[in-house]
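K.L.:
Below is the structure I would like to discuss, written out as structure tokens.
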Amino acid sequence: MTYLDISPEVRQLGAEAEQAIRPYFERIDAISERNTEKVLAAFSKNRVAEAMFAGTTGYGYDDKGRETLDQIYADLFGAEAALVRIGFVNGTHALCCAMFSAVKTGDVVLSATGPAYDTLMNTITGDMAGSMKQYGIGYQQVEMKDGLPDIPAIVEAAKAPEVKLVFIQRSKGYAVRETLSCEQIGAVCDAVHAANPEAVIMVDNCYGEFVEELEPTQVGADIIAGSLIKNPGGGLAPTGGYIAGRRDLVENASYRLTAPGIGGECGCTMGQSRLLFQGLFLAPHTVAQALKTAVFGAKVMQMMGFEVHPLPEDIRHDIIQTIAFGAPEPLCRFCEGIQAGAPVDSFVTPVPWAMPGYDDEVIMAAGAFVQGASIELSADAPMREPYVCYMQGGLTYPSGKAGILLAAEKIRQAGYGK
């Protein structure tokens with residue numbers, strides 16, 4: 001039999017790491033079980049049937065499966081309505097539509113968590129056609145304080161009557177800060193709603209779905225958005241995104257996705273409905289596998305002498321694990337190892353390149369069944385100091401573990417780490 005080329009020394013390192021982190025898996029499994037029960041209850045309540053998987057073509061009128069999936073997402077996220085569509089090309093697309101649901105010319109968007117993720121800033125302040133800047137929509141941001149939302153400063157900025165949308169990014173993106181818990185998001189929501197009841201609060205929920213038992217719309221957010229090729233697609237969704245929240249906002253967002261007056265009434269599913277339903281069913285379990293992979297990766301890299309965040313024992317609020325390598329060489333070797341452990345394109349060597357939407361060159365390891373799927377094991381990093389790598393995903397813990405051991409092997413062979 002042929003196995004992966006991992007030295008006995010690195011396998012021993014992995015065994016020691018796994019022994020140390022086993023107690024933390026119980027917490028992850030408990031949340032997975034609760035969220036699986038929620039998904040099952042929502043499927044049962046909405047009477048999911050095989051006929052809903054057939055899909056539609058053309059205009060997509062009367063697509064019972066599409067309508068039912070919308071309602072299931074709304075139920076799971078404690079929202080009035082949801083829009084789940086394969087027509088969203090990525091998470092940024094869904095976020096863009098959600099942002100435009102609440103603002104018009106003369107309004108101001110306030111980011112409560114510092115600058116938004118690199119690609120989303122093009123929507124807000126970019127000079128290209130269709131950006132908020134082009135429509136005369138203003139932008140302000142409140143910087144994080146000690147890695148957390150500066151609530152007094154957010155409240156002061158949100159009091160301005162022209163502020164109509166307050167944006168919260170749950171995950172860290174390419175920033176070095178804390179990922180926000182739903183409890184922390186709820187505190188921001190309460191403060192903003194008290195200061196400016198007219199302002200809509202939107203949360204970028206990417207990477208956070210099913211990591212906790214609650215979602216941002218259950219703690220005060222008016223609208224959330226995310227990608228189906230991250231957590232909620234369970235590794236099966238081939239593309240798409242979702243928006244959930246207040247009914248009027250979701251409807252407004254649907255007009256941005258398609259056209260005014262058409263909204264969510266059109267949009268065929270082309271036989272993809274089964275994958276969206278089945279992926280959602282698997283999502284709590286798949287997210288748990290990704291979380292276990294992240295904890296294992298954190299422990300192995302910590303034992304090798306690199307700075308990691310979150311720490312292996314920390315309670316997690318998204319699936320992202322950061323590793324600070326301090327130099328480009330060990331970062332590139334890590335990504336090579338993750339790529340070598342992929343089921344697809346394992347023979348490819350990732351190199352930094354000018355990725356659209358980013359200011360710096362980006363290196364990305366992503367040998368996935370679905371292109372760009374962040375719920376599958378991947379690692380990426382902007383090539384800038386302090387050379388922090390962002391690892392996420394892992395459809396199964398054993399495969400994620402193998403990828404990390406290969407990454408450790410590459411680093412060791414290059415003469416880095418303990």
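Going by the structure tokens order, chains are called A, B, ..., each with residues numbered from 1, while ligands are numbered from 1 in the order shown.
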Residues within 12 Å of stretch 353-357 of chain A, please, as a ChimeraX atom specification. Count only C-alpha atoms; anything in the same chain fewer than 5 positions from it doesn't count.
P.N.:
/A:92,117-123,126,128,362-365,380-383
K.L.:
Need the shell around A:Cys332: protein/DNA/RNA residues with any atom at most 9 Å away, counting only C-alpha atoms. Skip same-chain ones fewer than 2 positions apart. Format as a list in words?
P.N.:
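The residues satisfying every condition are Pro328, Glu329, Pro330, Phe334, Cys335, Glu336, Gly337, Pro350, Val351, Pro352, Ile363 and Ile411 of chain A.
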K.L.:
May I have the residues within 12 Å of A:Asp248 as a PyMOL selection string, using only C-alpha atoms and disregarding those fewer than 6 positions away in the same chain?
P.N.:
chain A and resi 79-83+98+101-102+200+222-223+254-255+263
K.L.:
Neighbours of A:Gly234 within 10 Å (only C-alpha atoms; same-chain residues fewer than 5 positions away dropped), as a list in words?
P.N.:
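The contact residues come out as Leu228, Ile229, Leu275, Leu276, Phe277, Gln278, Gly279, Leu280, Phe281, Leu282, Ala283, Pro284, His285, Thr286, Val287, Ala373, Ile375, Glu376 and Leu395 of chain A.
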K.L.:
Could you check how far atom CA of A:Pro386 sits from atom CA of A:Gly173, in Å to one decimal?
P.N.:
14.9 Å
K.L.:
For A:Pro398, please output as a PDB file with all heavy atoms, in the first residue's frame all residues within 12 Å (counting only C-alpha atoms; exclusion window: fewer than 2 positions along the same chain).
P.N.:
ATOM      1  N   GLY A  14       2.402  14.789  15.343  1.00  0.00           N
ATOM      2  CA  GLY A  14       0.944  14.819  15.187  1.00  0.00           C
ATOM      3  C   GLY A  14       0.230  14.031  16.266  1.00  0.00           C
ATOM      4  O   GLY A  14      -0.821  14.450  16.770  1.00  0.00           O
ATOM      5  N   GLU A  18      -2.434  15.582  18.831  1.00  0.00           N
ATOM      6  CA  GLU A  18      -3.803  15.066  18.902  1.00  0.00           C
ATOM      7  C   GLU A  18      -4.177  14.632  20.312  1.00  0.00           C
ATOM      8  O   GLU A  18      -5.301  14.849  20.760  1.00  0.00           O
ATOM      9  CB  GLU A  18      -3.965  13.904  17.923  1.00  0.00           C
ATOM     10  CG  GLU A  18      -5.398  13.456  17.747  1.00  0.00           C
ATOM     11  CD  GLU A  18      -5.547  12.478  16.602  1.00  0.00           C
ATOM     12  OE1 GLU A  18      -4.804  11.475  16.577  1.00  0.00           O
ATOM     13  OE2 GLU A  18      -6.399  12.705  15.728  1.00  0.00           O
ATOM     14  N   GLN A 289     -15.940  19.189  11.503  1.00  0.00           N
ATOM     15  CA  GLN A 289     -14.708  18.599  10.973  1.00  0.00           C
ATOM     16  C   GLN A 289     -13.669  19.682  10.687  1.00  0.00           C
ATOM     17  O   GLN A 289     -12.476  19.523  10.967  1.00  0.00           O
ATOM     18  CB  GLN A 289     -15.014  17.815   9.692  1.00  0.00           C
ATOM     19  CG  GLN A 289     -15.977  16.663   9.864  1.00  0.00           C
ATOM     20  CD  GLN A 289     -15.459  15.595  10.807  1.00  0.00           C
ATOM     21  OE1 GLN A 289     -14.503  14.888  10.507  1.00  0.00           O
ATOM     22  NE2 GLN A 289     -16.083  15.480  11.971  1.00  0.00           N
ATOM     23  N   ALA A 290     -14.130  20.805  10.143  1.00  0.00           N
ATOM     24  CA  ALA A 290     -13.223  21.921   9.866  1.00  0.00           C
ATOM     25  C   ALA A 290     -12.662  22.504  11.160  1.00  0.00           C
ATOM     26  O   ALA A 290     -11.481  22.874  11.224  1.00  0.00           O
ATOM     27  CB  ALA A 290     -13.959  22.998   9.068  1.00  0.00           C
ATOM     28  N   LYS A 292     -12.218  20.909  14.041  1.00  0.00           N
ATOM     29  CA  LYS A 292     -11.238  19.964  14.585  1.00  0.00           C
ATOM     30  C   LYS A 292      -9.914  20.066  13.826  1.00  0.00           C
ATOM     31  O   LYS A 292      -8.831  20.014  14.426  1.00  0.00           O
ATOM     32  CB  LYS A 292     -11.791  18.540  14.517  1.00  0.00           C
ATOM     33  CG  LYS A 292     -12.943  18.290  15.477  1.00  0.00           C
ATOM     34  CD  LYS A 292     -13.485  16.873  15.338  1.00  0.00           C
ATOM     35  CE  LYS A 292     -14.644  16.634  16.290  1.00  0.00           C
ATOM     36  NZ  LYS A 292     -15.197  15.270  16.185  1.00  0.00           N
ATOM     37  N   THR A 293     -10.016  20.222  12.509  1.00  0.00           N
ATOM     38  CA  THR A 293      -8.814  20.403  11.696  1.00  0.00           C
ATOM     39  C   THR A 293      -8.068  21.660  12.124  1.00  0.00           C
ATOM     40  O   THR A 293      -6.829  21.667  12.246  1.00  0.00           O
ATOM     41  CB  THR A 293      -9.183  20.496  10.205  1.00  0.00           C
ATOM     42  OG1 THR A 293      -9.809  19.272   9.791  1.00  0.00           O
ATOM     43  CG2 THR A 293      -7.962  20.747   9.346  1.00  0.00           C
ATOM     44  N   ALA A 294      -8.812  22.745  12.379  1.00  0.00           N
ATOM     45  CA  ALA A 294      -8.192  24.008  12.800  1.00  0.00           C
ATOM     46  C   ALA A 294      -7.501  23.857  14.144  1.00  0.00           C
ATOM     47  O   ALA A 294      -6.377  24.361  14.347  1.00  0.00           O
ATOM     48  CB  ALA A 294      -9.252  25.107  12.863  1.00  0.00           C
ATOM     49  N   PHE A 296      -6.310  21.105  15.486  1.00  0.00           N
ATOM     50  CA  PHE A 296      -5.128  20.268  15.286  1.00  0.00           C
ATOM     51  C   PHE A 296      -4.000  21.076  14.644  1.00  0.00           C
ATOM     52  O   PHE A 296      -2.837  21.009  15.078  1.00  0.00           O
ATOM     53  CB  PHE A 296      -5.482  19.069  14.412  1.00  0.00           C
ATOM     54  CG  PHE A 296      -4.317  18.151  14.131  1.00  0.00           C
ATOM     55  CD1 PHE A 296      -3.845  17.283  15.101  1.00  0.00           C
ATOM     56  CD2 PHE A 296      -3.689  18.164  12.889  1.00  0.00           C
ATOM     57  CE1 PHE A 296      -2.767  16.439  14.845  1.00  0.00           C
ATOM     58  CE2 PHE A 296      -2.619  17.331  12.622  1.00  0.00           C
ATOM     59  CZ  PHE A 296      -2.149  16.463  13.591  1.00  0.00           C
ATOM     60  N   GLY A 297      -4.353  21.856  13.614  1.00  0.00           N
ATOM     61  CA  GLY A 297      -3.344  22.685  12.959  1.00  0.00           C
ATOM     62  C   GLY A 297      -2.718  23.680  13.913  1.00  0.00           C
ATOM     63  O   GLY A 297      -1.498  23.916  13.881  1.00  0.00           O
ATOM     64  N   GLY A 341      -1.608  17.818   0.246  1.00  0.00           N
ATOM     65  CA  GLY A 341      -2.579  16.974   0.932  1.00  0.00           C
ATOM     66  C   GLY A 341      -3.982  17.073   0.383  1.00  0.00           C
ATOM     67  O   GLY A 341      -4.912  16.491   0.947  1.00  0.00           O
ATOM     68  N   ALA A 342      -4.146  17.797  -0.721  1.00  0.00           N
ATOM     69  CA  ALA A 342      -5.474  17.978  -1.306  1.00  0.00           C
ATOM     70  C   ALA A 342      -5.856  16.777  -2.172  1.00  0.00           C
ATOM     71  O   ALA A 342      -4.984  16.134  -2.768  1.00  0.00           O
ATOM     72  CB  ALA A 342      -5.504  19.249  -2.149  1.00  0.00           C
ATOM     73  N   LEU A 377     -10.299  22.012   2.808  1.00  0.00           N
ATOM     74  CA  LEU A 377      -9.036  22.460   3.380  1.00  0.00           C
ATOM     75  C   LEU A 377      -8.294  23.378   2.417  1.00  0.00           C
ATOM     76  O   LEU A 377      -8.023  23.013   1.273  1.00  0.00           O
ATOM     77  CB  LEU A 377      -8.154  21.270   3.745  1.00  0.00           C
ATOM     78  CG  LEU A 377      -6.825  21.634   4.422  1.00  0.00           C
ATOM     79  CD1 LEU A 377      -7.066  22.316   5.760  1.00  0.00           C
ATOM     80  CD2 LEU A 377      -5.960  20.382   4.608  1.00  0.00           C
ATOM     81  N   GLY A 394     -11.692  21.683   5.750  1.00  0.00           N
ATOM     82  CA  GLY A 394     -11.386  20.292   6.041  1.00  0.00           C
ATOM     83  C   GLY A 394     -12.682  19.515   6.037  1.00  0.00           C
ATOM     84  O   GLY A 394     -13.392  19.478   7.048  1.00  0.00           O
ATOM     85  N   LEU A 395     -13.027  18.899   4.899  1.00  0.00           N
ATOM     86  CA  LEU A 395     -14.306  18.188   4.810  1.00  0.00           C
ATOM     87  C   LEU A 395     -14.383  17.039   5.806  1.00  0.00           C
ATOM     88  O   LEU A 395     -15.453  16.710   6.312  1.00  0.00           O
ATOM     89  CB  LEU A 395     -14.520  17.652   3.390  1.00  0.00           C
ATOM     90  CG  LEU A 395     -14.766  18.698   2.297  1.00  0.00           C
ATOM     91  CD1 LEU A 395     -14.931  18.019   0.946  1.00  0.00           C
ATOM     92  CD2 LEU A 395     -16.000  19.535   2.616  1.00  0.00           C
ATOM     93  N   THR A 396     -13.236  16.411   6.064  1.00  0.00           N
ATOM     94  CA  THR A 396     -13.150  15.387   7.101  1.00  0.00           C
ATOM     95  C   THR A 396     -11.923  15.679   7.954  1.00  0.00           C
ATOM     96  O   THR A 396     -10.895  16.166   7.448  1.00  0.00           O
ATOM     97  CB  THR A 396     -13.033  13.970   6.512  1.00  0.00           C
ATOM     98  OG1 THR A 396     -11.749  13.826   5.885  1.00  0.00           O
ATOM     99  CG2 THR A 396     -14.130  13.705   5.485  1.00  0.00           C
ATOM    100  N   GLY A 400      -7.996  16.489   6.783  1.00  0.00           N
ATOM    101  CA  GLY A 400      -7.418  17.756   7.215  1.00  0.00           C
ATOM    102  C   GLY A 400      -6.152  17.542   8.023  1.00  0.00           C
ATOM    103  O   GLY A 400      -5.152  18.263   7.853  1.00  0.00           O
ATOM    104  N   LYS A 401      -6.186  16.555   8.884  1.00  0.00           N
ATOM    105  CA  LYS A 401      -5.013  16.205   9.695  1.00  0.00           C
ATOM    106  C   LYS A 401      -3.838  15.827   8.798  1.00  0.00           C
ATOM    107  O   LYS A 401      -2.698  16.268   9.010  1.00  0.00           O
ATOM    108  CB  LYS A 401      -5.390  15.053  10.630  1.00  0.00           C
ATOM    109  CG  LYS A 401      -4.244  14.465  11.424  1.00  0.00           C
ATOM    110  CD  LYS A 401      -4.752  13.271  12.246  1.00  0.00           C
ATOM    111  CE  LYS A 401      -3.607  12.513  12.885  1.00  0.00           C
ATOM    112  NZ  LYS A 401      -4.103  11.335  13.645  1.00  0.00           N
ATOM    113  N   ALA A 402      -4.106  15.038   7.773  1.00  0.00           N
ATOM    114  CA  ALA A 402      -3.049  14.617   6.856  1.00  0.00           C
ATOM    115  C   ALA A 402      -2.431  15.813   6.138  1.00  0.00           C
ATOM    116  O   ALA A 402      -1.208  15.893   5.971  1.00  0.00           O
ATOM    117  CB  ALA A 402      -3.603  13.620   5.843  1.00  0.00           C
ATOM    118  N   GLY A 403      -3.274  16.759   5.708  1.00  0.00           N
ATOM    119  CA  GLY A 403      -2.763  17.946   5.034  1.00  0.00           C
ATOM    120  C   GLY A 403      -1.840  18.762   5.935  1.00  0.00           C
ATOM    121  O   GLY A 403      -0.804  19.272   5.483  1.00  0.00           O
ATOM    122  N   ILE A 404      -2.207  18.879   7.195  1.00  0.00           N
ATOM    123  CA  ILE A 404      -1.384  19.652   8.136  1.00  0.00           C
ATOM    124  C   ILE A 404      -0.061  18.951   8.407  1.00  0.00           C
ATOM    125  O   ILE A 404       0.999  19.582   8.488  1.00  0.00           O
ATOM    126  CB  ILE A 404      -2.171  19.886   9.435  1.00  0.00           C
ATOM    127  CG1 ILE A 404      -3.314  20.869   9.157  1.00  0.00           C
ATOM    128  CG2 ILE A 404      -1.272  20.414  10.547  1.00  0.00           C
ATOM    129  CD1 ILE A 404      -4.405  20.844  10.171  1.00  0.00           C
ATOM    130  N   LEU A 405      -0.083  17.622   8.511  1.00  0.00           N
ATOM    131  CA  LEU A 405       1.169  16.889   8.717  1.00  0.00           C
ATOM    132  C   LEU A 405       2.089  17.039   7.506  1.00  0.00           C
ATOM    133  O   LEU A 405       3.315  17.155   7.659  1.00  0.00           O
ATOM    134  CB  LEU A 405       0.882  15.416   8.994  1.00  0.00           C
ATOM    135  CG  LEU A 405       0.191  15.118  10.332  1.00  0.00           C
ATOM    136  CD1 LEU A 405      -0.075  13.626  10.483  1.00  0.00           C
ATOM    137  CD2 LEU A 405       1.019  15.631  11.511  1.00  0.00           C
TER     138      LEU A 405
END
K.L.:
If you measure from atom CA of A:Pro115 to atom CA of A:Leu291, what distance in Å do you get, rounded to one decimal?
P.N.:
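Going from atom CA of A:Pro115 over to atom CA of A:Leu291 covers 25.9 Å.
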K.L.:
Separation of atom CA of A:Glu67 and atom CA of A:Leu165, in Å?
P.N.:
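Rounded to one decimal, the two atoms are 27.5 Å apart.
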K.L.:
Using DSSP assignments from the backbone, pull out every residue in stretch 81-154 of chain A that falls under alpha helix (DSSP H) and give it to me as a PyMOL selection string.
P.N.:
chain A and resi 91-99+118-125+151-154
K.L.:
Filtering to all heavy atoms, could you give me those residues as a CSV table (one decimal), in the first residue's frame?
P.N.:
chain,number,residue,atom,x,y,z
A,91,GLY,N,-19.3,35.0,-2.1
A,91,GLY,CA,-19.8,35.7,-0.9
A,91,GLY,C,-19.8,37.2,-1.1
A,91,GLY,O,-20.8,37.9,-0.6
A,92,THR,N,-18.8,37.8,-1.8
A,92,THR,CA,-18.8,39.2,-2.0
A,92,THR,C,-20.0,39.7,-2.7
A,92,THR,O,-20.6,40.7,-2.4
A,92,THR,CB,-17.5,39.6,-2.7
A,92,THR,OG1,-16.4,39.2,-2.0
A,92,THR,CG2,-17.5,41.1,-3.0
A,93,HIS,N,-20.5,38.9,-3.7
A,93,HIS,CA,-21.7,39.2,-4.5
A,93,HIS,C,-22.9,39.3,-3.6
A,93,HIS,O,-23.7,40.2,-3.6
A,93,HIS,CB,-21.9,38.2,-5.6
A,93,HIS,CG,-23.0,38.5,-6.5
A,93,HIS,ND1,-23.5,37.6,-7.4
A,93,HIS,CD2,-23.8,39.6,-6.7
A,93,HIS,CE1,-24.4,38.1,-8.1
A,93,HIS,NE2,-24.7,39.3,-7.7
A,94,ALA,N,-23.1,38.3,-2.7
A,94,ALA,CA,-24.2,38.3,-1.8
A,94,ALA,C,-24.1,39.5,-0.8
A,94,ALA,O,-25.1,40.1,-0.5
A,94,ALA,CB,-24.2,37.0,-1.0
A,95,LEU,N,-22.9,39.8,-0.3
A,95,LEU,CA,-22.7,40.9,0.6
A,95,LEU,C,-23.0,42.2,-0.1
A,95,LEU,O,-23.7,43.1,0.5
A,95,LEU,CB,-21.3,40.9,1.1
A,95,LEU,CG,-21.0,39.7,2.1
A,95,LEU,CD1,-19.5,39.6,2.2
A,95,LEU,CD2,-21.6,40.0,3.5
A,96,CYS,N,-22.6,42.3,-1.3
A,96,CYS,CA,-22.9,43.6,-2.1
A,96,CYS,C,-24.4,43.8,-2.2
A,96,CYS,O,-24.9,44.9,-1.9
A,96,CYS,CB,-22.2,43.5,-3.4
A,96,CYS,SG,-22.6,44.8,-4.6
A,97,CYS,N,-25.1,42.8,-2.6
A,97,CYS,CA,-26.6,42.9,-2.7
A,97,CYS,C,-27.2,43.2,-1.4
A,97,CYS,O,-28.2,44.0,-1.3
A,97,CYS,CB,-27.2,41.6,-3.3
A,97,CYS,SG,-26.7,41.2,-5.0
A,98,ALA,N,-26.7,42.6,-0.3
A,98,ALA,CA,-27.3,42.9,1.0
A,98,ALA,C,-27.0,44.3,1.4
A,98,ALA,O,-27.9,45.0,2.0
A,98,ALA,CB,-26.7,41.9,2.1
A,99,MET,N,-25.8,44.9,1.1
A,99,MET,CA,-25.5,46.2,1.5
A,99,MET,C,-26.4,47.2,0.8
A,99,MET,O,-26.9,48.2,1.4
A,99,MET,CB,-24.0,46.5,1.2
A,99,MET,CG,-23.1,45.8,2.0
A,99,MET,SD,-21.4,46.4,1.8
A,99,MET,CE,-21.1,47.3,3.3
A,118,ASP,N,-11.0,42.8,1.9
A,118,ASP,CA,-10.4,43.5,0.7
A,118,ASP,C,-11.4,43.6,-0.5
A,118,ASP,O,-11.5,44.6,-1.1
A,118,ASP,CB,-9.1,42.7,0.3
A,118,ASP,CG,-8.1,42.7,1.3
A,118,ASP,OD1,-8.4,42.6,2.5
A,118,ASP,OD2,-6.9,42.9,1.0
A,119,THR,N,-12.0,42.5,-0.9
A,119,THR,CA,-12.8,42.5,-2.1
A,119,THR,C,-14.1,43.3,-1.9
A,119,THR,O,-14.6,43.9,-2.8
A,119,THR,CB,-13.2,41.0,-2.5
A,119,THR,OG1,-13.8,40.4,-1.4
A,119,THR,CG2,-12.0,40.2,-2.9
A,120,LEU,N,-14.6,43.4,-0.6
A,120,LEU,CA,-15.8,44.1,-0.4
A,120,LEU,C,-15.6,45.6,-0.4
A,120,LEU,O,-16.5,46.4,-0.7
A,120,LEU,CB,-16.4,43.7,0.9
A,120,LEU,CG,-17.9,44.2,1.2
A,120,LEU,CD1,-18.8,43.7,0.1
A,120,LEU,CD2,-18.3,43.7,2.6
A,121,MET,N,-14.4,46.0,-0.1
A,121,MET,CA,-14.1,47.5,-0.2
A,121,MET,C,-14.3,48.0,-1.6
A,121,MET,O,-14.6,49.2,-1.8
A,121,MET,CB,-12.7,47.7,0.3
A,121,MET,CG,-12.5,47.6,1.8
A,121,MET,SD,-13.6,48.6,2.8
A,121,MET,CE,-13.0,50.3,2.4
A,122,ASN,N,-14.1,47.1,-2.6
A,122,ASN,CA,-14.4,47.6,-4.0
A,122,ASN,C,-15.9,48.0,-4.2
A,122,ASN,O,-16.2,48.9,-4.9
A,122,ASN,CB,-14.0,46.5,-5.0
A,122,ASN,CG,-12.6,46.2,-5.1
A,122,ASN,OD1,-11.8,47.1,-5.0
A,122,ASN,ND2,-12.2,44.9,-5.3
A,123,THR,N,-16.8,47.2,-3.5
A,123,THR,CA,-18.2,47.6,-3.5
A,123,THR,C,-18.4,48.9,-2.9
A,123,THR,O,-19.3,49.7,-3.4
A,123,THR,CB,-19.0,46.5,-2.8
A,123,THR,OG1,-19.0,45.3,-3.6
A,123,THR,CG2,-20.4,46.9,-2.6
A,124,ILE,N,-17.7,49.2,-1.9
A,124,ILE,CA,-18.0,50.4,-1.1
A,124,ILE,C,-17.3,51.7,-1.6
A,124,ILE,O,-17.9,52.7,-1.9
A,124,ILE,CB,-17.6,50.2,0.4
A,124,ILE,CG1,-18.3,48.9,1.0
A,124,ILE,CG2,-18.0,51.4,1.3
A,124,ILE,CD1,-17.8,48.5,2.3
A,125,THR,N,-16.0,51.6,-1.7
A,125,THR,CA,-15.2,52.8,-2.1
A,125,THR,C,-14.5,52.7,-3.4
A,125,THR,O,-13.7,53.6,-3.8
A,125,THR,CB,-14.1,53.0,-1.0
A,125,THR,OG1,-13.3,51.9,-0.9
A,125,THR,CG2,-14.8,53.3,0.4
A,151,ILE,N,-17.2,50.1,21.2
A,151,ILE,CA,-18.6,50.4,21.2
A,151,ILE,C,-18.9,51.9,21.5
A,151,ILE,O,-19.8,52.4,20.8
A,151,ILE,CB,-19.4,49.5,22.2
A,151,ILE,CG1,-19.3,48.0,21.7
A,151,ILE,CG2,-20.8,49.9,22.4
A,151,ILE,CD1,-20.1,47.0,22.6
A,152,PRO,N,-18.3,52.5,22.4
A,152,PRO,CA,-18.5,54.0,22.6
A,152,PRO,C,-18.3,54.8,21.3
A,152,PRO,O,-19.1,55.7,20.9
A,152,PRO,CB,-17.6,54.4,23.7
A,152,PRO,CG,-17.4,53.2,24.5
A,152,PRO,CD,-17.3,52.1,23.5
A,153,ALA,N,-17.2,54.5,20.6
A,153,ALA,CA,-16.9,55.2,19.3
A,153,ALA,C,-17.9,54.8,18.2
A,153,ALA,O,-18.3,55.6,17.4
A,153,ALA,CB,-15.5,54.8,18.8
A,154,ILE,N,-18.3,53.5,18.2
A,154,ILE,CA,-19.3,53.1,17.2
A,154,ILE,C,-20.7,53.9,17.5
A,154,ILE,O,-21.3,54.4,16.5
A,154,ILE,CB,-19.6,51.6,17.3
A,154,ILE,CG1,-18.3,50.8,16.9
A,154,ILE,CG2,-20.8,51.2,16.4
A,154,ILE,CD1,-18.3,49.4,17.2
K.L.:
Run DSSP on the backbone and grab whatever in stretch 173-363 of chain A lands in strand (DSSP E or B); send it over as a PyMOL selection string.
P.N.:
chain A and resi 200-204+223-227+241-245+307-309+321-324+353+362-363
K.L.:
If you count only C-alpha atoms, which residues fall within 9 Å of A:Ala157, apart from same-chain ones fewer than 6 positions away, as a ChimeraX atom specification?
P.N.:
/A:110,140-142,163
K.L.:
Can you write just those residues out, N, CA and C atoms, as an mmCIF file, in the first residue's frame?
P.N.:
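Output contents, as saved in out16.cif:
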data_model
loop_
_atom_site.group_PDB
_atom_site.id
_atom_site.type_symbol
_atom_site.label_atom_id
_atom_site.label_comp_id
_atom_site.auth_asym_id
_atom_site.auth_seq_id
_atom_site.Cartn_x
_atom_site.Cartn_y
_atom_site.Cartn_z
ATOM 1 N N LEU A 110 -21.480 52.798 7.681
ATOM 2 C CA LEU A 110 -20.507 52.847 8.766
ATOM 3 C C LEU A 110 -20.025 51.433 9.061
ATOM 4 N N GLN A 140 -17.758 55.526 6.274
ATOM 5 C CA GLN A 140 -16.932 55.814 7.443
ATOM 6 C C GLN A 140 -16.611 54.493 8.123
ATOM 7 N N GLN A 141 -15.565 54.494 8.919
ATOM 8 C CA GLN A 141 -15.251 53.285 9.674
ATOM 9 C C GLN A 141 -14.739 53.638 11.065
ATOM 10 N N VAL A 142 -15.015 52.759 11.985
ATOM 11 C CA VAL A 142 -14.512 52.868 13.349
ATOM 12 C C VAL A 142 -13.496 51.754 13.541
ATOM 13 N N VAL A 163 -26.241 58.077 8.643
ATOM 14 C CA VAL A 163 -25.799 56.685 8.730
ATOM 15 C C VAL A 163 -27.022 55.779 8.657
#
K.L.:
Do you know which residues are at most 12 Å from A:Gln371 counting only C-alpha atoms, after dropping those on the same chain fewer than 3 positions away, and could you put them as a ChimeraX atom specification?
P.N.:
/A:89-90,229-230,235-239,344-345,364-368,374-378
K.L.:
I need the residue nearest A:Leu13 from this list: A:Ala340, A:Met303, A:Gly372, A:Ser346. Use only C-alpha atoms for the distance.
P.N.:
A:Met303
K.L.:
Restricting the calculation to only C-alpha atoms: of A:Thr105, A:Asn196, A:Asn252, A:Ser273, which residue gets closest to A:Val48?
P.N.:
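Closest to A:Val48, using only C-alpha atoms: A:Ser273.
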K.L.:
Rank A:Asp146, A:Gly220, A:Pro23, A:Lys64 by their smallest atom-to-atom distance to A:Met52, using only C-alpha atoms, and report the top residue only.
P.N.:
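Once distances to A:Met52 are computed over only C-alpha atoms, the minimum belongs to A:Lys64.
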K.L.:
If you take only C-alpha atoms and a cut-off of 12 Å, which residues of stretch 156-180 of chain A touch stretch 212-216 of chain A, and what are their nearest atom pairs and distances in Å to one decimal, in chain and number order, as a Markdown table?
P.N.:
| residue | atom | partner | partner_atom | distance |
| --- | --- | --- | --- | --- |
| A:Ile168 | CA | A:Pro216 | CA | 10.0 |
| A:Gln169 | CA | A:Pro216 | CA | 10.8 |
| A:Arg170 | CA | A:Pro216 | CA | 8.9 |
| A:Leu180 | CA | A:Pro216 | CA | 10.1 |
K.L.:
With N, CA, C and O atoms retained, write the just-selected residues as a PDB file, in the first residue's frame.
P.N.:
ATOM      1  N   ILE A 168     -20.926  45.033  10.162  1.00  0.00           N
ATOM      2  CA  ILE A 168     -20.085  44.278  11.088  1.00  0.00           C
ATOM      3  C   ILE A 168     -19.522  43.077  10.350  1.00  0.00           C
ATOM      4  O   ILE A 168     -20.278  42.293   9.772  1.00  0.00           O
ATOM      5  N   GLN A 169     -18.214  42.940  10.363  1.00  0.00           N
ATOM      6  CA  GLN A 169     -17.587  41.750   9.785  1.00  0.00           C
ATOM      7  C   GLN A 169     -17.273  40.786  10.911  1.00  0.00           C
ATOM      8  O   GLN A 169     -16.449  41.081  11.775  1.00  0.00           O
ATOM      9  N   ARG A 170     -17.946  39.653  10.892  1.00  0.00           N
ATOM     10  CA  ARG A 170     -17.799  38.684  11.985  1.00  0.00           C
ATOM     11  C   ARG A 170     -16.397  38.074  12.015  1.00  0.00           C
ATOM     12  O   ARG A 170     -15.760  38.029  13.066  1.00  0.00           O
ATOM     13  N   LEU A 180     -15.468  37.789  15.941  1.00  0.00           N
ATOM     14  CA  LEU A 180     -16.483  38.172  16.911  1.00  0.00           C
ATOM     15  C   LEU A 180     -17.443  37.025  17.199  1.00  0.00           C
ATOM     16  O   LEU A 180     -17.896  36.323  16.297  1.00  0.00           O
TER      17      LEU A 180
END
K.L.:
Closest to A:Pro149 among A:Ser171, A:Ser32, A:Ser7, A:Thr113, using only C-alpha atoms?
P.N.:
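Of the candidates, the smallest distance to A:Pro149 is held by A:Thr113.
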